[in-house]
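What follows is one structure encoded as structure tokens, with my remarks underneath.
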Amino acid sequence: MSKTISFIELTLDDCSSVRLLKEDIKSFLVLHTGKAGKTCTRNPMQADAAVFLQIAEKPHNVSNDSGDEECPFACSGLSSSQARLLGYDDITFVTVVYDDGTRDCYEVEFFEYELCDNNKWQQTRIAKDGTMYILIGKDLKMEDYVSAGDLMDAKEQHALKHAVRKHWKF
């Protein structure tokens, strides 16, 4: 019997989180996991997970404790959740909570570089239609999951990411 996702909680490196409601999640795939373990909250967890997540173009901003609820990038079509996720590639845990109250926890593959909190193995891209794609995993390529022609121009996305980082200054 398959379970229905209630929401997905993305825990970020600064211990804040972004919660995505089920209607905001277009696709979620666990590509592979490594060793099993326990988190500090004693929930079963899979470590070294690689994941793919497709987020709706206008996700709800519920319990987003990672930034301002009033997003200064609304003119760009980004919600505050999307802006935070685009600005910093620092997702550390993905927790999937089901309607029956059970949960699956995944510690994602994370490789810090250049003395910052960004994950070298996380890719966050925006499509031309506003859909956000997040791919986390060593040696994975976004183009294997999303057509490059569907994605926002790289220069435009880089400028938007820079503006987000300048605003939040984490």
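The chains in the structure tokens are called A, B, ... from first to last as shown; in each chain the residues are counted from 1, and the ligands are counted from 1 in the order shown.
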What lies within 12 Å of Asp144 (chain A) using only C-alpha atoms, ignoring chain neighbours under 5 positions off, as a ChimeraX atom specification? /A:52,135,139
Residue neighbourhood region 155-168 of chain A, 7 Å, only C-alpha atoms, exclusion window fewer than 3 positions, as a list of chain:residue names: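 Using only C-alpha atoms, the neighbours found are A:Ala83, A:Leu86, A:Gly87, A:Met152.
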Preceding selection exported with C-alpha atoms as a short mmCIF file (atom, residue, chain, number, x, y, z; two decimals), in the first residue's frame:
data_model
loop_
_atom_site.label_atom_id
_atom_site.label_comp_id
_atom_site.auth_asym_id
_atom_site.auth_seq_id
_atom_site.Cartn_x
_atom_site.Cartn_y
_atom_site.Cartn_z
CA ALA A 83 14.22 32.55 -3.35
CA LEU A 86 17.77 29.33 -5.12
CA GLY A 87 20.10 31.61 -3.17
CA MET A 152 15.82 29.60 -17.43
#
Nearest residue to Gln123 (chain A) from the set A:Lys26, A:Arg84, A:His32, A:Lys138 (distances using only C-alpha atoms):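 Between A:Lys26, A:Arg84, A:His32, A:Lys138, the residue approaching Gln123 (chain A) most closely is A:Lys138.
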Could you jot down the CA of Phe7 (chain A) to CA of Thr33 (chain A) separation for me, Å, one decimal place? 20.3 Å
Hey, which of A:Val108, A:Ile8, A:Ala148, A:Cys15 ends up closest to Asp48 (chain A)? Count only C-alpha atoms.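 Among the listed residues, A:Val108 lies closest to Asp48 (chain A).
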I want to know what sits within 9 Å of Thr124 (chain A), based on only C-alpha atoms, with residues of the same chain fewer than 4 positions away left out; could you give that as a list in words?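 Near neighbours after the sequence-gap exclusion: Leu85, Leu86, Gly87, Tyr88, Asp89, Met132, Tyr133, Ile134, Leu135, Ile136 and Met142 of chain A.
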Atom-to-atom span, CA of Asp129 (chain A) and CA of Glu109 (chain A), Å: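 Between these atoms lies a distance of 28.1 Å.
Distance annotation: of A:Leu140, A:Ile126, A:Cys105, A:Val94, the residue with the minimal separation from Leu20 (chain A) is A:Val94; atom set is only C-alpha atoms.
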Distance CA of Ser2 (chain A)-CA of Arg19 (chain A), one decimal place?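 The value is 21.6 Å.
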